[in-house]
Every structure is written in C-alpha cells, then in structure tokens.
Protein chains: 2
Amino acid sequence: MNIADLDTPTLVADLDVLERNIDGMAAHCRQLGIPLRVHTKTHKVPEIAKLQVAAGSQGITCQKLGEAEVMVDAGIDNILIPYNIVGKPKLKRLTTLVQRAQITVALDSEETAMGISRQAIADGCVVPVIVELDTGSGRCGVQSPQEAQHLAQQIMKMQGINFQGVMTYPSNIRAKPFIAETLDLLTGDGIPVDVISGGGTGSEAASKELGCTETRSGSYVYEGMTRIGNSEMLAPERCVLRVITTVVSTPTPERIIIDGGMKTFASYPPTPYGHIIEHPDAKIYGMSVEHGHVDVSECSHRFKVGEQLSVIPLHQGMTSNLHNELVGIRGDAVETTWRIAGRGKVF
Amino acid sequence: MNIADLDTPTLVADLDVLERNIDGMAAHCRQLGIPLRVHTKTHKVPEIAKLQVAAGSQGITCQKLGEAEVMVDAGIDNILIPYNIVGKPKLKRLTTLVQRAQITVALDSEETAMGISRQAIADGCVVPVIVELDTGSGRCGVQSPQEAQHLAQQIMKMQGINFQGVMTYPSNIRAKPFIAETLDLLTGDGIPVDVISGGGTGSEAASKELGCTETRSGSYVYEGMTRIGNSEMLAPERCVLRVITTVVSTPTPERIIIDGGMKTFASYPPTPYGHIIEHPDAKIYGMSVEHGHVDVSECSHRFKVGEQLSVIPLHQGMTSNLHNELVGIRGDAVETTWRIAGRGKVF
C-alpha cells in the first residue's frame, strides 16, 4: 500500500527517521557510558518500546501505571514508573504488576510509601522504590537532602517496600550538591543506594556527570536530539511524525482547508500549528475542531480539492496522544500499523 | 459504587446537569419554533446522542464520517455530516453508510460533488447533499449567492446526488442577505430548497430569524446555554464534566500536585486550566504531561496525599476527546459508564 491510498487525516511515522533517532540515542549513551532507560510516554506504542530495548535501552519508563500495564502485556519486563502511586485501586494494580515484571516506582512522601507497603504486605510481595528529589524542577520530589534521608529511613523500617535509591528530573549539573549531600547522608546511615536515575532528552551528559546509574530520555524518539521549540526545528529529517491530510476545500485563492483540526493536531496558539512538507510557504494560521485553515497566498502552486498534504505536527508526543493508530511508512510505502496502546491510559 | 471509589484521573459527567442541559435546549427550540438537530462532536457518545434525540432532536450532526459510522452502529438513523467528503476510501464508506441510514452531507465545490456522484452511481445509490455557504465564518463554503447558484445547478445535472438545500455556520443575522439572495436565485432556477440548516449553540433564535429549517447546537450539552470563556463561567451547576483527580504530592506548603496533566485536561495557556470545585482558592497554575501543578497558598485547608479533588475542565469537549470512557454520576453515586465511541474517529 502507498501513502496516497491512506484515508486521512492519518498519523504516520517515518520509520527511517524513527530508527535513526533510536539508534542515535543508544549510541550517544554508549559513548557517554551512561545506561539508557527510555521514557515511552512520548509514543505509548509497545512495538516502538521494543525497538528501543533491542537497541540497548536497559528497560523502559512509563509515566502512568496504566501505560506500564500495557507494556507488560506486550512482553516488556523492566519498567520504572516515576510517579506516586496513590489510592486503593492503583495500589492493588501495582502489586499485581510487580508480580508479573520487574517494576520500580518513585515516590516522595511517607503517605505514598505507607500505602504501597500496606498493600504489598497484604499481597505478599515487595515493591522496589526510589525517592524523587526536587532538584529544581518545582514539581514533585522531596525538597532537601535531609527530607530525602528522613523518607529513606522511614522506608527502611517498612515491610513490603524496598528502598533502591533516588531519582531527579531533569538532570542538570546544578543538582550536583543536592544529590551528593543526599548520598552522603544515606551512606552515613548505612542505606545502600543502587539507583540514581536522571532524565530528560538532551540531559544524558548531565546524568553522567551527576553520577547517575541511568538516564531517562523520551521525546528524542520523535524529535531527534533537539526539542521542538520553533518552526525552524520542524525538519523532516529529524521529526518522525507527520499527519497526512487532504485538502477538502479551496474557498478562496488565499485560503485552503485541510481535514485536520484541533482533534487531530495538538495545538497551542500562538505557536505554529505545524509545517507542511510539500509547501513550506503554505501557513496553517488557524484550526477549528476538525478543520485546518491554511493561508496559501504566498504559494505559486494552485491547490486542488483532494490533494494530500503531509504536515509535521508541532507537538509530536501530544499529537500522537490524540490518535488510536500510528501507520509506519518507509518512503512512500506503508509498512505497518501500530496501535497506540498506551493512549488514554491516564490512570 | 461511590465517586470516592473511582480510580483517578477519571472523566465524569453529572447526569442531572446533563439532562437539564439537554431538556433545556429542546424546550428552548420548541419555544422558538425551530427544529433542533444536535451536533454530537462535543461528546461523541452514542448514549448521549440518543438522550438528545429522545428529548426531541430531529436527528444528529456528526463532523466526521467516522463519527457518523459509530452513531449509525448505535442505531441512530438520521445524520447530517457538514463536511466535504473527499477521497476514495471515504467516498466508498459514505455510500455504504447512505444505504444504512438517512445521511445528508454538505459540500462546497464541484470536485467534491463530482466525487460523490461518481461513487454513488457506481454503488447504485443517491446521496442527499446541501451546499455550504460561507456567510462570514471564513472557513469552508461558497463565497457568494452566485457561486451557490452555480454549484446547485451543477449538482442538479449530476446523477447519484440529490440537492436538498443549503447550510451556514454560525447562524448570524448578518447572513440574511446572503441566504435570501441565494434562495431567490435557486427559486428563479426552479431548484427546490427543502433544507436551510443553521448552527451554533446560542444561535437558535438567529437560525429561526434566518428562516432556517433546523438549527445545529452542540456545545450546550456540556456547557449549558453559555460558552465557556473565562473561569467565572466554570459553574458546577452549568458544566457537566469534571475530572476526579487525586493529590499525589504535597512537596511544599504552597504547592500540591494532582494526577492529571495535559493528557487528561485539554489546556491552552494562558487560559485557566480548570476549576477545583471543593477549593476554589486552589489555583491550577501549570501542567506538565501527566501532572497538574496547584498553588494552594491562598487555602486554609491542609491538603493530604490521597485526597480527591473534582476539577471542572475549562475546555469540556476537547477534554472529553482525550478520554476513552465517561463515567455518569448522580450526586456521589456512579450510575453508568459510557465509551466515548466516536473519540479518535478523525477520518
């Protein structure tokens, strides 16, 4: 099957670029000497996670328990969930999953640790955990090395829960004193630290310098080694995803309408909505729910109803999250279709 | 089951508010004397569409063919698709659907009309169509009454396609001369106009004044009779949807983190992300992909890990589009769970 035969709008992945991004990051981490644990929240596709593991990732990272369940179902057996698992339904699901695969979870409070401990005791298992440090990101995480020490001490006293180490996000050299002091305090207490998990695409060298035992990189898989921040970076040779769209209306010489809008593209005005590969001079200037509004006043090309246009979405991971399936293409040929199985697994 | 037992984050619908919105719009249109054809793109849930039809809607509107297929599968038999159906795969699906239910499609070009005509002839059916007028919205639609006349004349000459009338969006009294002149031209040509379809929640009276034969209203179903434009309008008595979230971290006295972020809430900064019903003084000030960042510095309440918070999402229809299921609640009781079956049916 050829791209031209696809119904639209369809989310497609350029498999050559995907493989180049996966191999490139694996080589980058090998060269740095930092083990890679890819983050799969960007794609949520088990088949892509398996490609990443095959390329050398020592396991994967899932942001939500539901995504981890999907990945275990697909045969992946080493997963970090860097998220506080809270509440009865989730704790039960966690202990079930821990008995199926090698799962580690991050946490930042005694309440979360206690909940995991209680459920693990009830279910006769042990859950490996790491403590999240807030080294500057201002999200979750204990606020000081002393808090980290206190929480580690509490965890060491609990049954059903096994302290493994610490994590931070994103890896940044400014985190060095925080991490170093935490390690000193824990070592002083005789608490072994086997895991120091760092993260963030582009932070692999920083993870190495911080003394991390692994680095979590996610968005690179679709965007290459650069984060998308402006339209110049929407380069076809770097970005894996495209949405194949069709021109459905040419109401005026200046305006065409394509069949993808805000429910096809994740869009946050006033950033650009996406980049039309075939006609860079055609500018997507607005979107309604199911229509893309394109200004073609700068184009010499005369657009026709029925014409296909390939649009690189500005927000690759967020756009992927709107779709049920991802079509893998190589050149103009359709090679495979993957279900975005982790999509919508918000809990 | 009680709300407190739900895993989170979970999208829930307050069924009392939903029914009040559905009945309120039906009564409003009856009082105005304008037939209602609800637009289901807001919810994409067949069960809700059926409630709307039972309340008096003469049929439904689906923005995409894939959504219409889902609704026909669920037993709804009268659907307008106000969208140019273009391309081989879709045309074949359209003629299949036309043979299963009463389907009308809008179009705005000879190319689209010709495509439908050819496929309908091949499949031995007739597709009812209406011509979309661009009366000021600047999206799809013919640009003048003369263009409408010309397109209608072309359609009248084609086989397999049956001209029914015209549509506009949104209904606005400024469209009156455009529509009146179009009707004059068509009547002068002896072309019968059975359908004049208007649309837009809040435009029901304008549809009546324009002489429309029906009005399409969609977003009212979740938002009541007002469109959400600012946080003051996020009133629990008007908005159907809430996301039940859990506090997963309380890292500082000023900050808590909830378990829903940009893949749970459709959010377009700098507009507010949502309204926390139990604690209006707690402000969601940021979101990462799976975390909501809440400023609680103005709250006297001491938040605890594990506490549930009910958040009214700012963008009800767009937030619904991120979820696979919708849990119907009445008071604190869980009454039903609906699959958002039209979600992700972008083509």
# chains A, B, ... in the order shown; residues from 1 in each chain; ligands from 1
call {"tool": "residues_around", "arguments": {"residues": "B:Tyr220", "least_positions_apart": "3", "cutoff": "12 Å", "atoms": "only C-alpha atoms", "output": "ChimeraX atom specification"}}
result
/B:17-26,28,38-43,52,199-204,216-217,223-228,238-240,316-317
call {"tool": "write_last_selection", "arguments": {"atoms": "N, CA and C atoms", "output": "short mmCIF file (atom, residue, chain, number, x, y, z; two decimals), in the first residue's frame"}}
result
data_model
loop_
_atom_site.label_atom_id
_atom_site.label_comp_id
_atom_site.auth_asym_id
_atom_site.auth_seq_id
_atom_site.Cartn_x
_atom_site.Cartn_y
_atom_site.Cartn_z
N VAL B 17 -27.10 17.50 35.60
CA VAL B 17 -26.80 18.70 34.80
C VAL B 17 -26.93 18.38 33.31
N LEU B 18 -26.45 17.20 32.93
CA LEU B 18 -26.55 16.79 31.52
C LEU B 18 -28.01 16.78 31.07
N GLU B 19 -28.87 16.15 31.86
CA GLU B 19 -30.29 16.08 31.49
C GLU B 19 -30.92 17.47 31.46
N ARG B 20 -30.53 18.31 32.40
CA ARG B 20 -31.06 19.67 32.45
C ARG B 20 -30.65 20.43 31.18
N ASN B 21 -29.39 20.27 30.76
CA ASN B 21 -28.93 20.95 29.55
C ASN B 21 -29.66 20.44 28.31
N ILE B 22 -29.81 19.12 28.22
CA ILE B 22 -30.49 18.52 27.06
C ILE B 22 -31.95 18.97 26.99
N ASP B 23 -32.65 18.87 28.13
CA ASP B 23 -34.07 19.27 28.15
C ASP B 23 -34.22 20.77 27.93
N GLY B 24 -33.29 21.53 28.48
CA GLY B 24 -33.37 22.99 28.35
C GLY B 24 -33.25 23.44 26.91
N MET B 25 -32.33 22.86 26.16
CA MET B 25 -32.17 23.24 24.75
C MET B 25 -33.36 22.78 23.92
N ALA B 26 -33.86 21.58 24.22
CA ALA B 26 -35.03 21.09 23.48
C ALA B 26 -36.21 22.03 23.70
N HIS B 28 -36.10 25.19 24.63
CA HIS B 28 -35.75 26.49 24.02
C HIS B 28 -36.10 26.48 22.53
N VAL B 38 -29.11 18.22 16.93
CA VAL B 38 -27.94 18.39 17.80
C VAL B 38 -26.65 18.00 17.08
N HIS B 39 -25.58 18.66 17.48
CA HIS B 39 -24.25 18.30 16.98
C HIS B 39 -23.59 17.46 18.05
N THR B 40 -23.12 16.27 17.67
CA THR B 40 -22.58 15.35 18.68
C THR B 40 -21.06 15.39 18.78
N LYS B 41 -20.42 16.31 18.05
CA LYS B 41 -18.95 16.33 18.09
C LYS B 41 -18.43 16.64 19.49
N THR B 42 -19.24 17.36 20.28
CA THR B 42 -18.80 17.74 21.62
C THR B 42 -18.57 16.52 22.50
N HIS B 43 -19.50 15.55 22.41
CA HIS B 43 -19.42 14.41 23.34
C HIS B 43 -18.99 13.11 22.68
N GLN B 52 -30.50 12.92 23.49
CA GLN B 52 -30.85 14.17 22.80
C GLN B 52 -31.97 13.96 21.79
N GLY B 199 -26.65 26.90 12.51
CA GLY B 199 -26.00 26.23 13.62
C GLY B 199 -25.26 27.11 14.60
N GLY B 200 -24.88 26.47 15.70
CA GLY B 200 -24.12 27.13 16.74
C GLY B 200 -24.92 27.28 18.03
N THR B 201 -24.39 26.72 19.13
CA THR B 201 -25.06 26.90 20.42
C THR B 201 -25.20 28.39 20.71
N GLY B 202 -26.42 28.80 21.04
CA GLY B 202 -26.68 30.21 21.31
C GLY B 202 -27.20 30.95 20.09
N SER B 203 -27.21 30.27 18.94
CA SER B 203 -27.66 30.90 17.68
C SER B 203 -29.03 30.40 17.26
N GLU B 204 -29.76 29.78 18.18
CA GLU B 204 -31.04 29.17 17.81
C GLU B 204 -32.04 30.23 17.32
N ARG B 216 -28.37 23.62 14.39
CA ARG B 216 -27.43 22.65 14.94
C ARG B 216 -26.77 23.24 16.18
N SER B 217 -26.97 22.59 17.33
CA SER B 217 -26.36 23.06 18.57
C SER B 217 -25.60 21.91 19.19
N GLU B 223 -21.96 22.48 28.39
CA GLU B 223 -21.71 23.81 28.96
C GLU B 223 -22.97 24.59 29.24
N GLY B 224 -24.14 23.98 29.05
CA GLY B 224 -25.37 24.73 29.21
C GLY B 224 -25.50 25.74 28.09
N MET B 225 -26.23 26.78 28.32
CA MET B 225 -26.51 27.73 27.26
C MET B 225 -25.41 28.76 27.08
N THR B 226 -24.38 28.66 27.87
CA THR B 226 -23.30 29.63 27.73
C THR B 226 -22.04 28.95 27.27
N ARG B 227 -21.25 29.64 26.53
CA ARG B 227 -19.95 29.14 26.12
C ARG B 227 -18.96 29.47 27.22
N ILE B 228 -18.04 28.56 27.45
CA ILE B 228 -17.04 28.81 28.47
C ILE B 228 -15.97 29.74 27.91
N ARG B 238 -23.73 24.36 35.80
CA ARG B 238 -23.90 24.53 34.36
C ARG B 238 -23.03 23.54 33.58
N CYS B 239 -21.87 23.21 34.13
CA CYS B 239 -20.92 22.37 33.40
C CYS B 239 -21.07 20.91 33.81
N VAL B 240 -21.23 20.07 32.82
CA VAL B 240 -21.50 18.65 33.07
C VAL B 240 -20.24 17.89 33.51
N GLN B 316 -14.47 21.67 27.77
CA GLN B 316 -15.19 20.44 28.05
C GLN B 316 -15.11 19.45 26.87
N GLY B 317 -15.43 19.90 25.67
CA GLY B 317 -15.42 18.99 24.52
C GLY B 317 -14.02 18.50 24.19
#
call {"tool": "interface_residues", "arguments": {"of": "chain B", "to": "chain A", "cutoff": "6 Å", "atoms": "only C-alpha atoms", "output": "ChimeraX atom specification"}}
result
/B:7-9,84,86,89,248,268,306,323,344,347
call {"tool": "select_by_dssp", "arguments": {"residues": "stretch 27-228 of chain B", "states": "helix (DSSP H, G or I)", "output": "VMD selection string"}}
result
chain B and resid 27 to 32 46 to 54 65 to 73 88 to 98 110 to 123 145 to 157 173 to 188 204 to 209 220 to 223
call {"tool": "select_by_dssp", "arguments": {"residues": "stretch 235-314 of chain A", "states": "strand (DSSP E or B)", "output": "number ranges by chain"}}
result
A: 241-252, 255-258, 274-276, 283-287, 292-295, 308-313
call {"tool": "closest_residue", "arguments": {"among": "A:Gly211, A:Gly136, A:Pro46, A:Gly165", "to": "A:Gly75", "atoms": "only C-alpha atoms"}}
result
A:Pro46
call {"tool": "atom_distance", "arguments": {"atom1": "atom CA of A:Glu298", "atom2": "atom CA of A:Glu237"}}
result
24.1 Å
call {"tool": "residues_around", "arguments": {"residues": "B:Asp295", "least_positions_apart": "2", "cutoff": "6 Å", "atoms": "only C-alpha atoms", "output": "list in words"}}
result
Glu254, Arg255, Ala282, Lys283 and Ser297 of chain B
call {"tool": "write_last_selection", "arguments": {"atoms": "all heavy atoms", "output": "PDB file, in the first residue's frame"}}
result
ATOM      1  N   GLU B 254       2.967  25.501  49.803  1.00  0.00           N
ATOM      2  CA  GLU B 254       2.282  26.316  48.783  1.00  0.00           C
ATOM      3  C   GLU B 254       1.846  25.502  47.582  1.00  0.00           C
ATOM      4  O   GLU B 254       1.049  25.963  46.780  1.00  0.00           O
ATOM      5  CB  GLU B 254       3.219  27.429  48.265  1.00  0.00           C
ATOM      6  CG  GLU B 254       3.631  28.458  49.282  1.00  0.00           C
ATOM      7  CD  GLU B 254       4.719  27.954  50.203  1.00  0.00           C
ATOM      8  OE1 GLU B 254       5.533  27.108  49.752  1.00  0.00           O
ATOM      9  OE2 GLU B 254       4.754  28.362  51.386  1.00  0.00           O
ATOM     10  N   ARG B 255       2.390  24.294  47.405  1.00  0.00           N
ATOM     11  CA  ARG B 255       2.177  23.560  46.159  1.00  0.00           C
ATOM     12  C   ARG B 255       1.683  22.151  46.411  1.00  0.00           C
ATOM     13  O   ARG B 255       2.253  21.438  47.245  1.00  0.00           O
ATOM     14  CB  ARG B 255       3.494  23.501  45.374  1.00  0.00           C
ATOM     15  CG  ARG B 255       3.385  22.784  44.047  1.00  0.00           C
ATOM     16  CD  ARG B 255       4.675  22.935  43.232  1.00  0.00           C
ATOM     17  NE  ARG B 255       5.728  22.028  43.627  1.00  0.00           N
ATOM     18  CZ  ARG B 255       6.950  22.390  43.982  1.00  0.00           C
ATOM     19  NH1 ARG B 255       7.288  23.667  44.024  1.00  0.00           N
ATOM     20  NH2 ARG B 255       7.860  21.499  44.315  1.00  0.00           N
ATOM     21  N   ALA B 282      -7.792  27.209  45.459  1.00  0.00           N
ATOM     22  CA  ALA B 282      -6.628  26.472  44.949  1.00  0.00           C
ATOM     23  C   ALA B 282      -6.575  26.692  43.438  1.00  0.00           C
ATOM     24  O   ALA B 282      -7.550  26.417  42.742  1.00  0.00           O
ATOM     25  CB  ALA B 282      -6.761  24.991  45.275  1.00  0.00           C
ATOM     26  N   LYS B 283      -5.463  27.197  42.936  1.00  0.00           N
ATOM     27  CA  LYS B 283      -5.370  27.579  41.523  1.00  0.00           C
ATOM     28  C   LYS B 283      -4.419  26.644  40.780  1.00  0.00           C
ATOM     29  O   LYS B 283      -3.242  26.546  41.137  1.00  0.00           O
ATOM     30  CB  LYS B 283      -4.830  29.008  41.389  1.00  0.00           C
ATOM     31  CG  LYS B 283      -5.672  30.067  42.089  1.00  0.00           C
ATOM     32  CD  LYS B 283      -7.003  30.282  41.386  1.00  0.00           C
ATOM     33  CE  LYS B 283      -7.812  31.393  42.091  1.00  0.00           C
ATOM     34  NZ  LYS B 283      -9.263  31.260  41.826  1.00  0.00           N
ATOM     35  N   SER B 297      -1.482  28.337  48.142  1.00  0.00           N
ATOM     36  CA  SER B 297      -1.017  29.305  49.154  1.00  0.00           C
ATOM     37  C   SER B 297      -2.164  30.140  49.720  1.00  0.00           C
ATOM     38  O   SER B 297      -2.051  30.670  50.815  1.00  0.00           O
ATOM     39  CB  SER B 297       0.083  30.200  48.570  1.00  0.00           C
ATOM     40  OG  SER B 297      -0.393  30.878  47.421  1.00  0.00           O
TER      41      SER B 297
END
call {"tool": "decode", "arguments": {"residues": "stretch 113-255 of chain A", "atoms": "C-alpha atoms", "output": "mmCIF file, in the first residue's frame"}}
result
data_model
loop_
_atom_site.group_PDB
_atom_site.id
_atom_site.type_symbol
_atom_site.label_atom_id
_atom_site.label_comp_id
_atom_site.auth_asym_id
_atom_site.auth_seq_id
_atom_site.Cartn_x
_atom_site.Cartn_y
_atom_site.Cartn_z
ATOM 1 C CA ALA A 113 5.328 4.757 50.869
ATOM 2 C CA MET A 114 2.968 3.585 53.597
ATOM 3 C CA GLY A 115 0.172 2.893 51.106
ATOM 4 C CA ILE A 116 2.479 0.766 48.956
ATOM 5 C CA SER A 117 3.873 -1.016 51.988
ATOM 6 C CA ARG A 118 0.440 -1.955 53.337
ATOM 7 C CA GLN A 119 -0.810 -3.271 50.010
ATOM 8 C CA ALA A 120 2.402 -5.211 49.357
ATOM 9 C CA ILE A 121 2.214 -6.859 52.777
ATOM 10 C CA ALA A 122 -1.415 -7.797 52.120
ATOM 11 C CA ASP A 123 -0.487 -9.292 48.754
ATOM 12 C CA GLY A 124 2.738 -10.912 49.896
ATOM 13 C CA CYS A 125 5.135 -9.082 47.604
ATOM 14 C CA VAL A 126 7.885 -6.485 47.812
ATOM 15 C CA VAL A 127 7.823 -3.280 45.757
ATOM 16 C CA PRO A 128 11.171 -1.668 44.839
ATOM 17 C CA VAL A 129 11.041 2.111 45.219
ATOM 18 C CA ILE A 130 13.217 5.161 44.668
ATOM 19 C CA VAL A 131 12.798 8.580 46.249
ATOM 20 C CA GLU A 132 12.166 11.533 43.953
ATOM 21 C CA LEU A 133 14.304 14.604 44.622
ATOM 22 C CA ASP A 134 13.092 18.062 43.611
ATOM 23 C CA THR A 135 16.420 19.437 42.481
ATOM 24 C CA GLY A 136 14.856 22.489 40.879
ATOM 25 C CA SER A 137 12.001 21.432 38.633
ATOM 26 C CA GLY A 138 9.369 22.540 41.152
ATOM 27 C CA ARG A 139 7.018 19.622 40.612
ATOM 28 C CA CYS A 140 7.076 16.517 42.811
ATOM 29 C CA GLY A 141 10.015 15.452 44.957
ATOM 30 C CA VAL A 142 11.402 15.941 48.441
ATOM 31 C CA GLN A 143 12.763 19.437 48.964
ATOM 32 C CA SER A 144 16.122 18.770 50.646
ATOM 33 C CA PRO A 145 18.737 16.066 51.220
ATOM 34 C CA GLN A 146 17.535 15.924 54.838
ATOM 35 C CA GLU A 147 13.969 15.188 53.702
ATOM 36 C CA ALA A 148 15.316 12.506 51.382
ATOM 37 C CA GLN A 149 17.261 10.980 54.255
ATOM 38 C CA HIS A 150 14.247 11.051 56.562
ATOM 39 C CA LEU A 151 11.997 9.418 53.968
ATOM 40 C CA ALA A 152 14.617 6.754 53.158
ATOM 41 C CA GLN A 153 14.901 5.979 56.866
ATOM 42 C CA GLN A 154 11.131 5.564 57.128
ATOM 43 C CA ILE A 155 11.052 3.304 54.065
ATOM 44 C CA MET A 156 13.845 1.158 55.512
ATOM 45 C CA LYS A 157 11.598 0.481 58.520
ATOM 46 C CA MET A 158 8.618 -0.574 56.387
ATOM 47 C CA GLN A 159 7.812 -4.073 55.185
ATOM 48 C CA GLY A 160 6.814 -4.859 51.602
ATOM 49 C CA ILE A 161 8.788 -1.976 50.164
ATOM 50 C CA ASN A 162 12.450 -1.973 49.199
ATOM 51 C CA PHE A 163 14.486 1.250 49.024
ATOM 52 C CA GLN A 164 16.623 1.272 45.874
ATOM 53 C CA GLY A 165 17.851 4.817 45.506
ATOM 54 C CA VAL A 166 16.858 8.228 44.189
ATOM 55 C CA MET A 167 15.745 9.994 41.032
ATOM 56 C CA THR A 168 15.683 13.512 39.642
ATOM 57 C CA TYR A 169 14.251 15.290 36.634
ATOM 58 C CA PRO A 170 15.564 16.880 34.579
ATOM 59 C CA SER A 171 19.250 16.069 35.022
ATOM 60 C CA ASN A 172 21.093 19.323 35.484
ATOM 61 C CA ILE A 173 24.541 19.934 36.802
ATOM 62 C CA ARG A 174 23.081 22.377 39.362
ATOM 63 C CA ALA A 175 21.580 19.319 41.063
ATOM 64 C CA LYS A 176 25.042 18.032 41.987
ATOM 65 C CA PRO A 177 25.225 19.389 45.571
ATOM 66 C CA PHE A 178 21.687 18.140 46.369
ATOM 67 C CA ILE A 179 22.444 14.642 45.093
ATOM 68 C CA ALA A 180 25.934 14.498 46.620
ATOM 69 C CA GLU A 181 24.658 15.534 50.058
ATOM 70 C CA THR A 182 21.799 13.042 49.850
ATOM 71 C CA LEU A 183 24.248 10.244 49.033
ATOM 72 C CA ASP A 184 26.497 11.294 51.929
ATOM 73 C CA LEU A 185 23.595 11.250 54.369
ATOM 74 C CA LEU A 186 22.305 7.883 53.173
ATOM 75 C CA THR A 187 25.755 6.303 53.140
ATOM 76 C CA GLY A 188 26.280 7.669 56.637
ATOM 77 C CA ASP A 189 23.133 5.860 57.701
ATOM 78 C CA GLY A 190 24.299 2.666 56.029
ATOM 79 C CA ILE A 191 21.469 2.813 53.495
ATOM 80 C CA PRO A 192 22.656 1.401 50.159
ATOM 81 C CA VAL A 193 21.908 3.442 47.024
ATOM 82 C CA ASP A 194 21.812 1.205 43.971
ATOM 83 C CA VAL A 195 19.878 3.504 41.667
ATOM 84 C CA ILE A 196 20.431 7.168 40.806
ATOM 85 C CA SER A 197 18.051 7.841 37.952
ATOM 86 C CA GLY A 198 18.394 11.009 35.904
ATOM 87 C CA GLY A 199 16.345 12.118 32.953
ATOM 88 C CA GLY A 200 15.394 14.345 30.079
ATOM 89 C CA THR A 201 16.218 14.187 26.363
ATOM 90 C CA GLY A 202 19.411 16.182 25.916
ATOM 91 C CA SER A 203 20.450 15.681 29.558
ATOM 92 C CA GLU A 204 22.355 12.430 29.036
ATOM 93 C CA ALA A 205 25.781 14.019 29.603
ATOM 94 C CA ALA A 206 24.466 15.808 32.701
ATOM 95 C CA SER A 207 23.168 12.479 34.049
ATOM 96 C CA LYS A 208 26.636 11.013 33.575
ATOM 97 C CA GLU A 209 28.277 13.958 35.313
ATOM 98 C CA LEU A 210 25.818 13.715 38.229
ATOM 99 C CA GLY A 211 26.912 10.123 38.763
ATOM 100 C CA CYS A 212 23.579 8.679 37.679
ATOM 101 C CA THR A 213 23.250 4.944 37.143
ATOM 102 C CA GLU A 214 20.807 5.520 34.273
ATOM 103 C CA THR A 215 19.259 8.312 32.227
ATOM 104 C CA ARG A 216 15.681 8.556 31.048
ATOM 105 C CA SER A 217 15.162 10.036 27.573
ATOM 106 C CA GLY A 218 11.796 10.177 25.875
ATOM 107 C CA SER A 219 10.997 12.895 23.375
ATOM 108 C CA TYR A 220 14.125 12.202 21.285
ATOM 109 C CA VAL A 221 12.327 9.239 19.742
ATOM 110 C CA TYR A 222 10.123 11.513 17.652
ATOM 111 C CA GLU A 223 12.106 14.732 17.621
ATOM 112 C CA GLY A 224 15.694 13.570 17.367
ATOM 113 C CA MET A 225 18.184 15.118 19.727
ATOM 114 C CA THR A 226 16.543 18.526 19.685
ATOM 115 C CA ARG A 227 13.392 19.660 21.377
ATOM 116 C CA ILE A 228 10.873 21.307 19.122
ATOM 117 C CA GLY A 229 10.521 24.913 20.121
ATOM 118 C CA ASN A 230 10.031 26.809 16.922
ATOM 119 C CA SER A 231 9.055 26.164 13.364
ATOM 120 C CA GLU A 232 12.644 26.135 12.085
ATOM 121 C CA MET A 233 13.189 22.960 14.036
ATOM 122 C CA LEU A 234 10.325 21.141 12.327
ATOM 123 C CA ALA A 235 12.737 19.474 9.948
ATOM 124 C CA PRO A 236 11.520 16.385 8.085
ATOM 125 C CA GLU A 237 14.888 14.674 8.534
ATOM 126 C CA ARG A 238 14.584 14.953 12.317
ATOM 127 C CA CYS A 239 10.878 14.629 13.087
ATOM 128 C CA VAL A 240 9.334 11.178 12.831
ATOM 129 C CA LEU A 241 5.654 12.051 12.787
ATOM 130 C CA ARG A 242 3.544 13.515 10.020
ATOM 131 C CA VAL A 243 -0.197 13.805 9.642
ATOM 132 C CA ILE A 244 -1.264 13.001 6.106
ATOM 133 C CA THR A 245 -4.138 15.363 5.389
ATOM 134 C CA THR A 246 -6.369 16.095 2.409
ATOM 135 C CA VAL A 247 -7.399 19.456 1.007
ATOM 136 C CA VAL A 248 -11.199 19.424 1.406
ATOM 137 C CA SER A 249 -11.992 22.981 0.369
ATOM 138 C CA THR A 250 -10.413 25.794 -1.669
ATOM 139 C CA PRO A 251 -12.946 28.529 -0.931
ATOM 140 C CA THR A 252 -10.760 31.487 -1.969
ATOM 141 C CA PRO A 253 -7.448 31.881 -3.823
ATOM 142 C CA GLU A 254 -5.778 32.731 -0.483
ATOM 143 C CA ARG A 255 -7.298 30.010 1.700
#
